[in-house]
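Contents: one structure, followed by commentary.
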Amino acid sequence: MAFARPLSLTLTLLAALPAAAQTCDKSYAFQATVSGSAGTLICDWNSKSFLDAVSNISLSNINYTATSAATATARFNDVAMTLSYAANSKTLSYSFPQLGISGTFTGATRDESEDLLENYLKKEGVIGKVMNYQARNSATSPIAGPGGLVPLTIAADFGNSFNNSPTAVSGPASSGAAGNNLLSAALQYGQFRLSGVNDGIRTTTLPLSYTIRNDIDPRRQLSFSLPITLLELGSTKTVQTGLGIAYRLPMNDRWTITPAGRASVVASVDRATASFLYSGSLSSNYVIPMKGFDLVLGNMIGYYSTGKVSVGDYSASPGLRYVATRNGIMISQPVTLGRKLTAEYSLIDTRYIGSEKPLIDNFQELGITLGTSKSALDARSAFRGGITLTRGPNLRGATANIGFWF
């Protein structure tokens with residue numbers, strides 16, 4: 001497959017960096033020039049490499065001294081940055097041309113000036129603007145990129161009524177139907193590839209949920225969910241989790257609606273990222289019985305807004321607000337493979353609407369699962385396993401999953 005230039009680089013960034021720095025496909029880059037001589041390009045997914053280079057410029061250029069005139073072109077969380085010292089000066093000048101932000105720090109020594117810059121990057125508000133820009137312009141954003149907090153939250157909300165619950169197919173209530181509660185545990189592993197990025201994104205998710213079924217009508221269900229995800233890119237790690245609540249309400253024998261709310265958090269010192277996410281969604285699930293199979297139509301609209309959170313030395317509020325839709329169609333049919341099972345084939349489309357969108361603003365998923373029945377009226381435990389293929393603009397991915405309800 002031929003890869004295009006990294007999605008995380010904009011034309012402005014390409015213009016700002018020297019030719020050597022343009023070869024870096026990662027979120028952090030640093031290259032110092034001293035006396036007209038360009039130093040080594042430091043290129044990494046980990047923010048520590050960038051911060052180490054800022055506090056020790058000789059890591060990039062061995063000609064640097066505490067009195068040298070020096071300039072550096074850099075990238076911080078996929079945002080272009082320039083740094084400079086005049087000869088014999090302790091004043092460190094910085095600029096984020098893509099954000100329209102610039103300034104200076106003057107300490108008693110250059111080391112103190114660099115400490116002031118590091119503190120500014122972590123806590124003084126610019127980090128929120130940086131993460132906002134990254135989410136809009138980089139496919140590797142831990143907030144809005146593949147495997148990030150927002151797309152996984154959208155999928156979890158939709159799954160409450162469509163494909164990840166024990167009630168994907170509704171049925172009429174009946175007297176004496178079992179109303180016992182259900183505990184769910186699952187494991188999902190995904191890999192995603194981006195055009196122009198050599199390293200793949202890996203996600204491991206443990207979705208946990210507890211469902212309370214109404215004794216009179218077990219189709220009425222109150223669900224609590226707590227997915228825990230580890231996202232890996234290169235050697236970096238990002239953790240995300242969130243508590244969700246949803247209420248599944250049958251409108252008739254075929255149609256169910258599910259309002260849901262969730263509070264989530266993403267945190268990574270490696271990726272200099274920290275954010276809360278508040279979300280609300282409304283899903284609709286309609287079942288059409290056919291000869292030999294059921295046809296399920298799912299639709300959802302959701303609102304997702306970030307908030308401030310502090311993790312380690314980082315404190316930020318990215319100020320992101322998204323409106324997203326997720327629509328799917330699924331065929332559910334009985335199969336016999338030594339025992340009676342149910343196979344499900346699904347096609348799901350996710351896209352962001354409105355004025356604010358991430359770089360990858362739509363993607364499609366083709367999935368197949370196999371397992372026991374997930375009827376809302378069945379008191380028995382259930383299990384399902386399957387695989388989902390993901391495709392979007394400059395994106396390819398696959399996710400394997402297995403889940404149990406008991």
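Each chain in the structure tokens gets a letter, A, B and so on, in the order shown; residues start at 1 in every chain, and ligands are counted from 1 in the order they appear.
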
Residues of range 334-357 of chain A that have any atom at most 12 Å from an atom of range 127-147 of chain A: could you tabulate them with the shortest-distance atom pair and the distance in Å to one decimal, using only C-alpha atoms, ordered by chain and increasing number, as JSON lines?
{"residue": "A:Tyr352", "atom": "CA", "partner": "A:Ala144", "partner_atom": "CA", "distance": 11.0}
{"residue": "A:Ser355", "atom": "CA", "partner": "A:Arg136", "partner_atom": "CA", "distance": 11.1}
{"residue": "A:Glu356", "atom": "CA", "partner": "A:Arg136", "partner_atom": "CA", "distance": 8.0}
{"residue": "A:Lys357", "atom": "CA", "partner": "A:Arg136", "partner_atom": "CA", "distance": 6.4}

Dump of C-alpha atoms for the selected residues, as an mmCIF file, in the first residue's frame:
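Written output follows (selection.cif):
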data_model
loop_
_atom_site.group_PDB
_atom_site.id
_atom_site.type_symbol
_atom_site.label_atom_id
_atom_site.label_comp_id
_atom_site.auth_asym_id
_atom_site.auth_seq_id
_atom_site.Cartn_x
_atom_site.Cartn_y
_atom_site.Cartn_z
ATOM 1 C CA TYR A 352 -19.459 13.722 12.674
ATOM 2 C CA SER A 355 -18.919 22.720 12.155
ATOM 3 C CA GLU A 356 -16.449 20.980 14.500
ATOM 4 C CA LYS A 357 -14.998 17.673 13.328
#

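Excluding Leu282 in chain A itself and any same-chain residue fewer than 3 positions from it, the protein and nucleic acid residues within 6 Å of it, counting only C-alpha atoms, are Thr258, Pro259, Met300 and Ile301 of chain A.
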
Restricting it to N, CA and C atoms, dump the selection as a PDB file, in the first residue's frame.
ATOM      1  N   THR A 258     -33.147   4.139  23.390  1.00  0.00           N
ATOM      2  CA  THR A 258     -32.221   4.074  24.517  1.00  0.00           C
ATOM      3  C   THR A 258     -31.534   5.419  24.718  1.00  0.00           C
ATOM      4  N   PRO A 259     -31.961   6.219  25.682  1.00  0.00           N
ATOM      5  CA  PRO A 259     -31.180   7.401  26.063  1.00  0.00           C
ATOM      6  C   PRO A 259     -30.011   6.972  26.941  1.00  0.00           C
ATOM      7  N   MET A 300     -28.400   6.417  15.895  1.00  0.00           N
ATOM      8  CA  MET A 300     -28.040   7.132  17.114  1.00  0.00           C
ATOM      9  C   MET A 300     -27.520   8.518  16.773  1.00  0.00           C
ATOM     10  N   ILE A 301     -27.830   9.479  17.634  1.00  0.00           N
ATOM     11  CA  ILE A 301     -27.204  10.794  17.585  1.00  0.00           C
ATOM     12  C   ILE A 301     -26.672  11.089  18.981  1.00  0.00           C
TER      13      ILE A 301
END

### Message
According to DSSP computed on the backbone, where in range 119-361 of chain A is there strand (DSSP E or B)? Give the residues as a ChimeraX atom specification.
### Response
/A:182-194,201-213,221-233,236-250,255-268,273-290,293-307,309-311,314-316,321-336,340-353

Restricting the output to C-alpha atoms, write the selected residues as a compact mmCIF listing (two decimals), in the first residue's frame.
# COMPACT_ATOMS: atom_id res chain seq x y z
CA LEU A 182 -27.08 -9.54 33.95
CA LEU A 183 -23.36 -8.97 34.39
CA SER A 184 -21.28 -8.59 31.23
CA ALA A 185 -17.55 -8.91 30.70
CA ALA A 186 -15.76 -8.75 27.36
CA LEU A 187 -12.35 -8.38 25.78
CA GLN A 188 -11.59 -6.43 22.62
CA TYR A 189 -8.30 -6.03 20.80
CA GLY A 190 -7.91 -3.67 17.87
CA GLN A 191 -5.19 -2.56 15.47
CA PHE A 192 -5.36 0.50 13.21
CA ARG A 193 -3.07 1.71 10.44
CA LEU A 194 -2.85 5.29 9.17
CA ILE A 201 -2.29 2.06 16.90
CA ARG A 202 -3.22 -0.79 19.24
CA THR A 203 -6.16 -0.86 21.64
CA THR A 204 -7.07 -3.36 24.35
CA THR A 205 -10.47 -2.84 25.94
CA LEU A 206 -12.19 -4.52 28.86
CA PRO A 207 -15.88 -3.52 28.66
CA LEU A 208 -17.73 -4.22 31.92
CA SER A 209 -21.46 -3.71 32.41
CA TYR A 210 -24.32 -4.52 34.74
CA THR A 211 -27.93 -4.61 33.56
CA ILE A 212 -31.01 -4.45 35.76
CA ARG A 213 -34.04 -6.00 34.07
CA GLN A 221 -33.47 -2.36 31.27
CA LEU A 222 -31.23 -0.01 33.19
CA SER A 223 -27.57 -0.56 32.29
CA PHE A 224 -24.34 0.65 33.86
CA SER A 225 -21.11 0.30 31.90
CA LEU A 226 -17.43 0.81 32.64
CA PRO A 227 -15.13 0.21 29.65
CA ILE A 228 -11.38 0.37 30.37
CA THR A 229 -9.06 0.88 27.39
CA LEU A 230 -5.30 0.86 26.95
CA LEU A 231 -4.20 2.62 23.75
CA GLU A 232 -0.63 2.05 22.55
CA LEU A 233 1.30 3.93 19.87
CA THR A 236 3.61 5.14 24.57
CA LYS A 237 0.53 4.24 26.58
CA THR A 238 -2.76 6.06 27.05
CA VAL A 239 -5.49 4.98 29.47
CA GLN A 240 -9.15 5.85 29.11
CA THR A 241 -12.27 4.86 31.01
CA GLY A 242 -15.73 6.17 31.78
CA LEU A 243 -18.93 5.41 33.65
CA GLY A 244 -22.06 5.20 31.51
CA ILE A 245 -25.74 4.79 32.24
CA ALA A 246 -28.46 3.87 29.73
CA TYR A 247 -32.15 2.99 29.90
CA ARG A 248 -33.60 0.69 27.27
CA LEU A 249 -37.27 1.49 26.70
CA PRO A 250 -39.47 -0.64 24.35
CA TRP A 255 -38.98 -0.72 18.39
CA THR A 256 -36.73 0.24 21.30
CA ILE A 257 -35.19 3.60 22.18
CA THR A 258 -32.22 4.07 24.52
CA PRO A 259 -31.18 7.40 26.06
CA ALA A 260 -27.68 7.28 27.56
CA GLY A 261 -25.18 9.48 29.37
CA ARG A 262 -21.51 9.01 30.15
CA ALA A 263 -18.59 10.71 31.91
CA SER A 264 -15.17 9.59 30.67
CA VAL A 265 -11.52 10.48 31.04
CA VAL A 266 -8.38 10.01 28.94
CA ALA A 267 -4.91 10.36 30.45
CA SER A 268 -1.36 9.94 29.18
CA THR A 273 -2.83 14.44 27.05
CA ALA A 274 -5.50 14.77 29.72
CA SER A 275 -9.21 15.43 29.28
CA PHE A 276 -12.66 14.69 30.60
CA LEU A 277 -15.46 13.86 28.18
CA TYR A 278 -19.15 14.35 28.91
CA SER A 279 -21.63 12.79 26.51
CA GLY A 280 -25.32 12.21 25.95
CA SER A 281 -26.96 10.16 23.23
CA LEU A 282 -30.28 8.82 22.00
CA SER A 283 -30.42 5.51 20.12
CA SER A 284 -33.21 3.76 18.22
CA ASN A 285 -33.35 0.04 17.47
CA TYR A 286 -35.98 -1.44 15.14
CA VAL A 287 -36.36 -5.16 14.38
CA ILE A 288 -38.01 -6.45 11.20
CA PRO A 289 -38.72 -10.21 11.35
CA MET A 290 -38.06 -11.90 8.01
CA PHE A 293 -33.66 -14.13 9.90
CA ASP A 294 -34.23 -10.78 11.59
CA LEU A 295 -33.27 -7.43 10.10
CA VAL A 296 -32.19 -4.87 12.70
CA LEU A 297 -31.95 -1.12 12.00
CA GLY A 298 -30.01 1.04 14.46
CA ASN A 299 -29.69 4.82 14.59
CA MET A 300 -28.04 7.13 17.11
CA ILE A 301 -27.20 10.79 17.59
CA GLY A 302 -24.85 11.90 20.35
CA TYR A 303 -23.24 15.02 21.80
CA TYR A 304 -19.66 14.90 23.13
CA SER A 305 -17.93 17.73 25.03
CA THR A 306 -14.51 17.81 26.70
CA GLY A 307 -13.79 19.26 30.14
CA VAL A 309 -8.81 17.43 34.15
CA SER A 310 -5.37 17.21 35.78
CA VAL A 311 -3.11 14.19 35.32
CA TYR A 314 -0.54 18.24 33.01
CA SER A 315 -3.77 20.24 33.43
CA ALA A 316 -5.89 21.01 30.40
CA ARG A 321 -17.51 19.75 21.13
CA TYR A 322 -18.74 17.14 18.67
CA VAL A 323 -22.09 15.98 17.35
CA ALA A 324 -21.94 12.49 15.85
CA THR A 325 -24.33 10.04 14.24
CA ARG A 326 -23.97 6.27 14.08
CA ASN A 327 -26.27 4.23 11.88
CA GLY A 328 -26.21 0.50 11.27
CA ILE A 329 -27.97 -2.43 9.71
CA MET A 330 -27.64 -5.99 10.98
CA ILE A 331 -28.86 -9.40 9.87
CA SER A 332 -29.35 -11.90 12.70
CA GLN A 333 -29.98 -15.53 11.82
CA PRO A 334 -29.94 -18.90 13.60
CA VAL A 335 -27.17 -21.34 12.66
CA THR A 336 -26.29 -24.83 13.84
CA LYS A 340 -27.92 -23.82 18.09
CA LEU A 341 -26.21 -20.45 17.72
CA THR A 342 -26.95 -17.02 16.27
CA ALA A 343 -24.82 -15.33 13.61
CA GLU A 344 -24.93 -11.58 13.12
CA TYR A 345 -23.64 -9.58 10.15
CA SER A 346 -23.49 -5.82 10.55
CA LEU A 347 -22.56 -2.71 8.61
CA ILE A 348 -22.19 0.50 10.64
CA ASP A 349 -21.47 4.05 9.52
CA THR A 350 -20.15 6.70 11.94
CA ARG A 351 -19.78 10.35 11.00
CA TYR A 352 -19.46 13.72 12.67
CA ILE A 353 -21.84 16.50 11.73

### One-decimal distance in Å that lies between CA of Leu152 in chain A and CA of Asp361 in chain A
13.7 Å

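Running DSSP on the backbone and keeping only alpha helix (DSSP H), the residues of range 120-294 of chain A that qualify are Tyr120, Leu121, Lys122, Lys123, Val126, Ile127, Gly128, Lys129, Val130, Met131, Asn132, Tyr133, Gln134, Ala135, Arg136, Asn137, Leu149, Val150, Pro151, Leu152, Thr153, Ile154, Ala155, Ala156, Asp157, Phe158 and Gly159 of chain A.
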
Contacts of range 103-106 of chain A at 7 Å or less, counting only C-alpha atoms, minus same-chain residues fewer than 3 places along, as a short mmCIF file (atom, residue, chain, number, x, y, z; two decimals) with C-alpha atoms, in the first residue's frame?
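Saved the output as selection_5.cif:
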data_model
loop_
_atom_site.label_atom_id
_atom_site.label_comp_id
_atom_site.auth_asym_id
_atom_site.auth_seq_id
_atom_site.Cartn_x
_atom_site.Cartn_y
_atom_site.Cartn_z
CA LYS A 90 19.06 34.08 28.75
CA THR A 91 15.74 34.93 27.06
CA LEU A 92 14.04 31.98 25.40
CA SER A 93 11.64 32.97 22.62
CA TYR A 94 8.90 30.60 21.50
CA SER A 95 6.20 30.59 18.87
CA SER A 113 14.05 29.82 31.18
CA LEU A 116 9.46 28.20 32.73
CA LEU A 117 8.68 27.02 29.19
#

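The coordinates place CA of Ala155 in chain A at 15.7 Å from CA of Ile368 in chain A.
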
### Message
I'd like to know which of A:Met81, A:Asn394, A:Ala32, A:Ser47 is closest to Asn61 in chain A, using only C-alpha atoms.
### Response
A:Ala32

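Between CA of Ser317 in chain A and CA of Glu118 in chain A the separation is 17.5 Å.
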
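Restricting the calculation to only C-alpha atoms, the smallest distance between Ala382 in chain A and any of A:Asp157, A:Leu149, A:Lys123, A:Phe404 is found for A:Phe404.
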
### Message
From the options A:Val34, A:Cys43, A:Ile216, A:Ile360, which residue's atoms come nearest to Tyr85 in chain A, counting only C-alpha atoms?
### Response
A:Val34

### Task
Go through A:Leu121, A:Ala272, A:Ala156, A:Ile42 and flag the residue nearest Thr73 in chain A, using only C-alpha atoms for the distances.
A:Ile42
